[in-house]
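Taking it in order: structure first as structure tokens, then the write-up.
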Amino acid sequence: GHALTVEASEPGLVDVGWGQIRWASGLGVKLCAHAHGVAEEPSSVRLNYPLGTTMETEIAEQPVTLEALIRRRTELQPAITRCFQAPLAGTVIVARGSSDHAATCGRYLLEVATHRPVASASPSVHLLYRATVDFSGYVVIAVSQSGRTPEIASFLQRAQRSGARTIAITSDADSPLAEVADIVISLGTGEERAVPATKTVTAEIAAFAMIAQAVGDVGITDRHWEALPGEVSAVV
């Protein structure tokens, strides 16, 4: 097969003269086509569709989204500080997909801030195997862009019933996840339509930084917060 880049408006097959290729809507990816015996080397195939415009738009929204979230940090700080009050055994984070990558950043920040271990949860242990775990003294943070991932909301509710203090990080303040949490950090990103997550990931990382700085000093000053949207704007 031959590698080429395709831009298209909707999924399907297209005949490019030397074989058929299959593409996915809005994705700038290299795909392989079967030449079906045709010897010519392929040239770049371009269909009349602006590649990546949805993702590009969402990337451009990051500075404004972050600025709005950062403005709410003083409003959220008292509740977060109370949530992490002693006795604190540790923090557990539950997330999936791109949110789990943001949670990895959160683990570093929270261990520095709390001086307690931070772990990543396995929902199947609780929901599939029905393990009984005592979460007394733990803060459990659930991260979900939509707030509608069933196992994330179910895990958080189960942890809460087992003694955990709970925080939800989500874009939907009315979601099932938000309904079960003690504290909700609403990201304000709106729906993310592009397949690769962009604005929600950076907002989730900022939310973890806000939580960490509310609990202990991780070196993020007001000057850093105020500069962040402009620095992100310069990058994008």
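So you can find residues: chains in the structure tokens are A, B, ... in the order shown, residues in each start at 1, and ligands are numbered from 1 in order.
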What are the nearest atom pairs, with distances in Å to one decimal, for all residues of region 132-213 of chain A that come at most 10 Å from region 97-108 of chain A, using only C-alpha atoms, set out by chain and rising residue number as a tab-separated table?
```
residue	atom	partner	partner_atom	distance
A:Ile141	CA	A:Ala103	CA	9.1
A:Ala142	CA	A:Ala103	CA	9.1
A:Val143	CA	A:Ser99	CA	6.1
A:Ser144	CA	A:Ser99	CA	6.3
A:Gln145	CA	A:Ser99	CA	7.2
A:Ile169	CA	A:Ser99	CA	9.5
A:Thr170	CA	A:Ser99	CA	9.7
A:Pro196	CA	A:Ser98	CA	8.4
A:Ala197	CA	A:Ser98	CA	6.7
A:Thr198	CA	A:Ser98	CA	9.0
A:Thr200	CA	A:Ser99	CA	8.1
A:Val201	CA	A:Ala102	CA	6.0
A:Thr202	CA	A:Ala102	CA	7.7
A:Ala203	CA	A:Ala102	CA	9.0
A:Glu204	CA	A:Ala102	CA	6.1
A:Ile205	CA	A:Ala102	CA	5.3
A:Ala206	CA	A:Gly106	CA	9.1
A:Ala207	CA	A:Gly106	CA	8.6
A:Phe208	CA	A:Gly106	CA	5.1
A:Ala209	CA	A:Gly106	CA	7.0
A:Met210	CA	A:Gly106	CA	9.9
A:Ile211	CA	A:Gly106	CA	8.8
A:Ala212	CA	A:Gly106	CA	8.0
```
Using only C-alpha atoms, which residues sit within 12 Å of Pro229 (chain A) once same-chain residues fewer than 6 positions away are excluded, as a list of chain:residue names?
->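 These residues fall inside the cut-off: A:Ala60, A:Glu61, A:Gln62, A:Pro63, A:Val64, A:Thr65, A:Leu66, A:Glu67, A:Ala68, A:Leu69, A:Ile70, A:Arg71, A:Thr202, A:Ala203, A:Ala206, A:Arg223, A:Val235, A:Val236.
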Given the choices A:Gly147, A:Pro87, A:Gly52, A:Gly137, which gets closest to Leu187 (chain A) if the distance is worked out from only C-alpha atoms?
->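 Closest candidate: A:Gly147.
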Excluding Ala131 (chain A) and any residue of its chain fewer than 2 positions from it, enumerate the residues within 12 Å of it, using only C-alpha atoms, and give them as an MDAnalysis selection string.
-> chainID A and resid 122:129 133:134 155 158:159 162
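When only C-alpha atoms are used to measure the gap to Glu192 (chain A), the shortest distance among A:Ile59, A:Ile220, A:Leu228, A:Ala113 belongs to A:Ile59.
With only C-alpha atoms as the atoms that count, the residue of A:Ala178, A:Val140, A:Ala194, A:Ala164 with the shortest distance to Val118 (chain A) is A:Val140.
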Provide the CA of Arg82 (chain A) to CA of Ala168 (chain A) distance in Å, to one decimal place.
->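 Distance between the two atoms: 15.2 Å.
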One-decimal distance in Å that lies between CA of Val184 (chain A) and CA of Gly230 (chain A) | 26.0 Å
For Ala119 (chain A), please output as an mmCIF file with all heavy atoms, in the first residue's frame all residues within 8 Å (counting only C-alpha atoms; exclusion window: fewer than 2 positions along the same chain).
```
data_model
loop_
_atom_site.group_PDB
_atom_site.id
_atom_site.type_symbol
_atom_site.label_atom_id
_atom_site.label_comp_id
_atom_site.auth_asym_id
_atom_site.auth_seq_id
_atom_site.Cartn_x
_atom_site.Cartn_y
_atom_site.Cartn_z
ATOM 1 N N THR A 91 -4.832 10.918 48.694
ATOM 2 C CA THR A 91 -5.758 11.315 47.629
ATOM 3 C C THR A 91 -5.822 10.209 46.593
ATOM 4 O O THR A 91 -4.802 9.591 46.265
ATOM 5 C CB THR A 91 -5.292 12.625 46.957
ATOM 6 O OG1 THR A 91 -5.106 13.627 47.960
ATOM 7 C CG2 THR A 91 -6.307 13.107 45.931
ATOM 8 N N VAL A 92 -7.014 9.960 46.080
ATOM 9 C CA VAL A 92 -7.222 8.983 45.017
ATOM 10 C C VAL A 92 -7.879 9.704 43.845
ATOM 11 O O VAL A 92 -8.832 10.471 44.030
ATOM 12 C CB VAL A 92 -8.110 7.813 45.481
ATOM 13 C CG1 VAL A 92 -8.419 6.862 44.317
ATOM 14 C CG2 VAL A 92 -7.434 7.057 46.621
ATOM 15 N N ILE A 93 -7.361 9.483 42.643
ATOM 16 C CA ILE A 93 -7.916 10.109 41.441
ATOM 17 C C ILE A 93 -8.454 9.030 40.521
ATOM 18 O O ILE A 93 -7.811 7.998 40.302
ATOM 19 C CB ILE A 93 -6.845 10.937 40.696
ATOM 20 C CG1 ILE A 93 -6.198 11.958 41.638
ATOM 21 C CG2 ILE A 93 -7.460 11.639 39.495
ATOM 22 C CD1 ILE A 93 -5.046 12.720 41.014
ATOM 23 N N ARG A 107 -1.368 14.259 40.055
ATOM 24 C CA ARG A 107 -0.713 13.432 41.078
ATOM 25 C C ARG A 107 0.580 14.090 41.557
ATOM 26 O O ARG A 107 0.860 14.130 42.769
ATOM 27 C CB ARG A 107 -0.419 12.042 40.517
ATOM 28 C CG ARG A 107 -1.647 11.170 40.346
ATOM 29 C CD ARG A 107 -1.314 9.871 39.657
ATOM 30 N NE ARG A 107 -0.346 9.083 40.417
ATOM 31 C CZ ARG A 107 0.249 7.980 39.958
ATOM 32 N NH1 ARG A 107 -0.040 7.545 38.721
ATOM 33 N NH2 ARG A 107 1.081 7.312 40.710
ATOM 34 N N PRO A 117 0.472 10.372 49.982
ATOM 35 C CA PRO A 117 0.468 9.652 48.705
ATOM 36 C C PRO A 117 -0.783 9.950 47.880
ATOM 37 O O PRO A 117 -1.856 10.202 48.435
ATOM 38 C CB PRO A 117 0.516 8.176 49.119
ATOM 39 C CG PRO A 117 0.020 8.153 50.528
ATOM 40 C CD PRO A 117 0.420 9.449 51.140
ATOM 41 N N ALA A 121 -7.131 5.294 40.791
ATOM 42 C CA ALA A 121 -8.092 4.243 41.121
ATOM 43 C C ALA A 121 -8.384 3.336 39.934
ATOM 44 O O ALA A 121 -8.286 3.741 38.779
ATOM 45 C CB ALA A 121 -9.391 4.865 41.612
#
```
Taking the backbone alone, and naming residues the way the document does, which bits of region 34-213 of chain A are alpha helix (DSSP H) by DSSP, as a ChimeraX atom specification?
-> /A:53-60,62-71,73-83,98-114,123-127,150-161,176-180,199-213
In region 16-224 of chain A, DSSP strand (DSSP E) residues written as a VMD selection string | chain A and resid 20 to 23 30 to 33 90 to 95 118 to 120 138 to 144 165 to 170 183 to 186
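CA of Thr166 (chain A) lies 17.7 Å from CA of Arg73 (chain A).
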Find the residue from A:Asp217, A:Glu231, A:Asp222, A:Glu179 that sits nearest to Glu111 (chain A); use only C-alpha atoms when measuring.
-> A:Asp217
Counting only C-alpha atoms, the residue of A:Arg165, A:Gln77, A:Gln157, A:Phe84 that sits nearest Leu110 (chain A) |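 Distance minimum relative to Leu110 (chain A) lands on A:Phe84.
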